[in-house]
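Worksheet: one structure, shown below.
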Amino acid sequence: MEASKIVDAKGLACPLPIVKTKKAIGELESGQVLEVHTTDKGAKNDLAAWAKSGGHELMKHVEENGVLIFWIKKG
Amino acid sequence: MTVKGMTSKEVTQRVFNKEELFILDVRNESDYKDWKIDGENFKYLNVPYFELLDGVEEVIEKIPTDKEVLVVCAKEGSSVMVAEMLSDAGLNVSYLKGGMKSWSEHLEPVKLGDLNDGGEIFQFVRIGKGCLSYMIVSHGEAALIDATRMTDTYLEFANSIGAKITRVFDTHLHADHISGGRTIAEKTGATYWLPPKDATEVTFDYQPLEDGNDITIGNTVITIHALYSPGHTIGSTSFVVDNKFLLSGDILFIDSIGRPDLAGKAEDWVGDLRETLYKRYRELSEELIVLPAHFMIIDELNNDGSVSENLGTLFAKNHGLNIEDENEFRRLVTENLPPQPNDYQKIRQTNMGKISPDMDEQREMEIGPNRCAVR
């Protein structure tokens, strides 16, 4: 999936992955895709809920070698 | 104003003492709905931290100024952030140290009573998850029953009262939490006992716990009598301690009964569950004090925080013990069961020694409420 921007939040604990994600998505245009890398397992539910409440679309997520990768389309 | 950390132990005291507390839970809505800190006089507000990143104005109006306020999140980080924002806005609030992770792991020891010739029995209340474990002590010797994976708590407690743990028991192969039994046995040199019918797939050596086994603790006789009581699992075994206490495992609780389906055998085991609750337990003295391996709701706590009730009272009041019709009983325990505990299959495999997840994975596996009962 083609992302316009990547946030590396690996090794960061809550709330930082979401803080960084929120900042990064603010710099994107509507329809552009943000890729987020995190090792915080709690981020899965939080990012999904945050994206929903902000009108963004959590398109896909995968787990690779302990790293969670999310693709979020700005709403 | 300063932001103080409140420990799980301090929150536990507020639960036991039925004190007031206002909890601002900043986890996401689904996690909050699934599992939260229960207290009889606690009030709640759930607003996820990610909705407060730009400011706390929208919640400030909803937070009382005449009550103690505790901000709670999963692991502490977000609650510190929100607590600091509220503090900057002039409120006096605390955050929960270690978050729900530490709440899930907190064990509070409560003395239940004295036994023959100076013996004592303690209940370890895992307040956040509803697991109950027991230590029976006599003359410097201790037996441990249904220990959780927070093994240091038991070791330190035994040490503090000058007792050596010599025997460790599990009433059954647990599906809702990871047993600390094997680890404690390894650390102390104690023997680890399991019902053999639950242990057919375990990968380690154990002492078979069988009906009629009498185990003596200390140099005076405190008898722990094993009573085969299948139904939650095929091997489930109860203990009668000092002819005074009935440790019922996950078979009988205060306001509910065990569920027979966590090893995938509801239909097969419902008959055993019926037999145990309606025949085997009926043959016991009604004066016995029932000590279960779980509580489900905070109302089941006694005034001192312990969980116990006379067997006779349970025969009179516990709905699960008062269903005359066998078919109705069968339906209750096999249909409309609550969701199964988080990761219960992996928890069973861990307790069999088949997989060895690291500490973080173990925490993740156990997250959420306890669901071992049917009402």
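Residue numbers start at 1 in each chain; chains themselves are named A, B, ... in the order of the structure tokens; ligands are numbered from 1 in the order shown.
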
- Which residues come within 7 Å of A:Ile72, counting only C-alpha atoms, excluding same-chain residues fewer than 2 positions away, as a PyMOL selection string? chain A and resi 33-35+56-59+70+74

Go ahead and save the picked residues with N, CA and C atoms, as an mmCIF file, in the first residue's frame.
```cif
data_model
loop_
_atom_site.group_PDB
_atom_site.id
_atom_site.type_symbol
_atom_site.label_atom_id
_atom_site.label_comp_id
_atom_site.auth_asym_id
_atom_site.auth_seq_id
_atom_site.Cartn_x
_atom_site.Cartn_y
_atom_site.Cartn_z
ATOM 1 N N VAL A 33 -2.666 8.606 2.606
ATOM 2 C CA VAL A 33 -2.538 7.482 3.535
ATOM 3 C C VAL A 33 -1.297 7.635 4.409
ATOM 4 N N LEU A 34 -1.499 7.380 5.705
ATOM 5 C CA LEU A 34 -0.398 7.428 6.678
ATOM 6 C C LEU A 34 -0.074 6.006 7.125
ATOM 7 N N GLU A 35 1.208 5.703 7.188
ATOM 8 C CA GLU A 35 1.643 4.387 7.663
ATOM 9 C C GLU A 35 2.254 4.573 9.051
ATOM 10 N N HIS A 56 -11.333 9.212 10.221
ATOM 11 C CA HIS A 56 -10.341 8.603 9.331
ATOM 12 C C HIS A 56 -10.660 7.117 9.158
ATOM 13 N N GLU A 57 -10.022 6.524 8.136
ATOM 14 C CA GLU A 57 -10.303 5.118 7.878
ATOM 15 C C GLU A 57 -9.063 4.275 8.154
ATOM 16 N N LEU A 58 -9.190 3.344 9.115
ATOM 17 C CA LEU A 58 -8.103 2.390 9.350
ATOM 18 C C LEU A 58 -8.260 1.304 8.288
ATOM 19 N N MET A 59 -7.396 1.354 7.255
ATOM 20 C CA MET A 59 -7.601 0.499 6.088
ATOM 21 C C MET A 59 -7.118 -0.916 6.318
ATOM 22 N N PHE A 70 0.155 -0.039 10.644
ATOM 23 C CA PHE A 70 -1.211 0.400 10.323
ATOM 24 C C PHE A 70 -1.192 1.329 9.112
ATOM 25 N N LYS A 74 -6.610 9.470 5.622
ATOM 26 C CA LYS A 74 -7.159 10.677 6.246
ATOM 27 C C LYS A 74 -8.559 10.982 5.716
#
```

- Task: Name the residues of stretch 132-222 of chain B that come out as alpha helix (DSSP H) in a backbone DSSP run; write them as a PyMOL selection string.
- Result: chain B and resi 151-160+181-188

- Would you give me, as a PyMOL selection string, the residues of chain B that come within 7 Å of chain A, using only C-alpha atoms? chain B and resi 28+50+77-78

- Task: Please return as a ChimeraX atom specification: the residues of stretch 75-128 of chain B that backbone DSSP assigns to strand (DSSP E).
- Result: /B:94-96,108-115,119-126

Atoms kept (N, CA and C atoms) for selection, written as a PDB file, in the first residue's frame:
```pdb
ATOM      1  N   SER B  94      -5.246  12.258  40.997  1.00  0.00           N
ATOM      2  CA  SER B  94      -4.168  11.267  41.027  1.00  0.00           C
ATOM      3  C   SER B  94      -4.269  10.397  39.785  1.00  0.00           C
ATOM      4  N   TYR B  95      -3.199   9.668  39.511  1.00  0.00           N
ATOM      5  CA  TYR B  95      -3.262   8.668  38.446  1.00  0.00           C
ATOM      6  C   TYR B  95      -2.972   7.300  39.061  1.00  0.00           C
ATOM      7  N   LEU B  96      -3.429   6.237  38.388  1.00  0.00           N
ATOM      8  CA  LEU B  96      -3.194   4.880  38.904  1.00  0.00           C
ATOM      9  C   LEU B  96      -1.801   4.407  38.486  1.00  0.00           C
ATOM     10  N   GLU B 108      -4.038  -8.927  47.263  1.00  0.00           N
ATOM     11  CA  GLU B 108      -4.182  -8.411  48.623  1.00  0.00           C
ATOM     12  C   GLU B 108      -4.404  -9.585  49.579  1.00  0.00           C
ATOM     13  N   PRO B 109      -3.447  -9.826  50.485  1.00  0.00           N
ATOM     14  CA  PRO B 109      -3.666 -10.931  51.430  1.00  0.00           C
ATOM     15  C   PRO B 109      -4.627 -10.541  52.549  1.00  0.00           C
ATOM     16  N   VAL B 110      -5.582 -11.428  52.843  1.00  0.00           N
ATOM     17  CA  VAL B 110      -6.536 -11.195  53.927  1.00  0.00           C
ATOM     18  C   VAL B 110      -6.551 -12.453  54.799  1.00  0.00           C
ATOM     19  N   LYS B 111      -6.413 -12.266  56.107  1.00  0.00           N
ATOM     20  CA  LYS B 111      -6.472 -13.447  56.981  1.00  0.00           C
ATOM     21  C   LYS B 111      -7.925 -13.888  57.147  1.00  0.00           C
ATOM     22  N   LEU B 112      -8.171 -15.191  56.942  1.00  0.00           N
ATOM     23  CA  LEU B 112      -9.537 -15.695  57.030  1.00  0.00           C
ATOM     24  C   LEU B 112      -9.864 -16.236  58.409  1.00  0.00           C
ATOM     25  N   GLY B 113      -8.841 -16.788  59.058  1.00  0.00           N
ATOM     26  CA  GLY B 113      -9.135 -17.346  60.364  1.00  0.00           C
ATOM     27  C   GLY B 113      -8.000 -18.183  60.902  1.00  0.00           C
ATOM     28  N   ASP B 114      -8.194 -18.649  62.141  1.00  0.00           N
ATOM     29  CA  ASP B 114      -7.198 -19.497  62.793  1.00  0.00           C
ATOM     30  C   ASP B 114      -7.576 -20.956  62.603  1.00  0.00           C
ATOM     31  N   LEU B 115      -6.535 -21.786  62.555  1.00  0.00           N
ATOM     32  CA  LEU B 115      -6.737 -23.222  62.443  1.00  0.00           C
ATOM     33  C   LEU B 115      -6.218 -23.879  63.715  1.00  0.00           C
ATOM     34  N   GLY B 119      -2.425 -22.596  63.756  1.00  0.00           N
ATOM     35  CA  GLY B 119      -2.388 -22.490  62.296  1.00  0.00           C
ATOM     36  C   GLY B 119      -3.218 -21.315  61.810  1.00  0.00           C
ATOM     37  N   GLU B 120      -2.943 -20.879  60.579  1.00  0.00           N
ATOM     38  CA  GLU B 120      -3.684 -19.758  60.007  1.00  0.00           C
ATOM     39  C   GLU B 120      -3.987 -20.032  58.544  1.00  0.00           C
ATOM     40  N   ILE B 121      -5.063 -19.406  58.059  1.00  0.00           N
ATOM     41  CA  ILE B 121      -5.364 -19.505  56.636  1.00  0.00           C
ATOM     42  C   ILE B 121      -5.578 -18.099  56.065  1.00  0.00           C
ATOM     43  N   PHE B 122      -4.919 -17.844  54.951  1.00  0.00           N
ATOM     44  CA  PHE B 122      -4.986 -16.536  54.296  1.00  0.00           C
ATOM     45  C   PHE B 122      -5.575 -16.689  52.900  1.00  0.00           C
ATOM     46  N   GLN B 123      -6.327 -15.655  52.503  1.00  0.00           N
ATOM     47  CA  GLN B 123      -6.841 -15.589  51.134  1.00  0.00           C
ATOM     48  C   GLN B 123      -6.121 -14.444  50.428  1.00  0.00           C
ATOM     49  N   PHE B 124      -5.634 -14.724  49.227  1.00  0.00           N
ATOM     50  CA  PHE B 124      -5.011 -13.669  48.417  1.00  0.00           C
ATOM     51  C   PHE B 124      -6.041 -13.230  47.375  1.00  0.00           C
ATOM     52  N   VAL B 125      -6.520 -12.003  47.536  1.00  0.00           N
ATOM     53  CA  VAL B 125      -7.579 -11.499  46.661  1.00  0.00           C
ATOM     54  C   VAL B 125      -6.943 -10.765  45.478  1.00  0.00           C
ATOM     55  N   ARG B 126      -7.122 -11.352  44.288  1.00  0.00           N
ATOM     56  CA  ARG B 126      -6.660 -10.645  43.089  1.00  0.00           C
ATOM     57  C   ARG B 126      -7.830  -9.770  42.636  1.00  0.00           C
TER      58      ARG B 126
END
```

- Show which residues sit within 7 Å of A:Lys10, as a PyMOL selection string. Count only C-alpha atoms, and ignore same-chain residues fewer than 2 positions away. chain A and resi 8+12+37-39

- Task: Take atom CA of B:Leu301 and atom CA of B:Leu132 and report the distance between them in Å, one decimal.
- Result: 11.4 Å
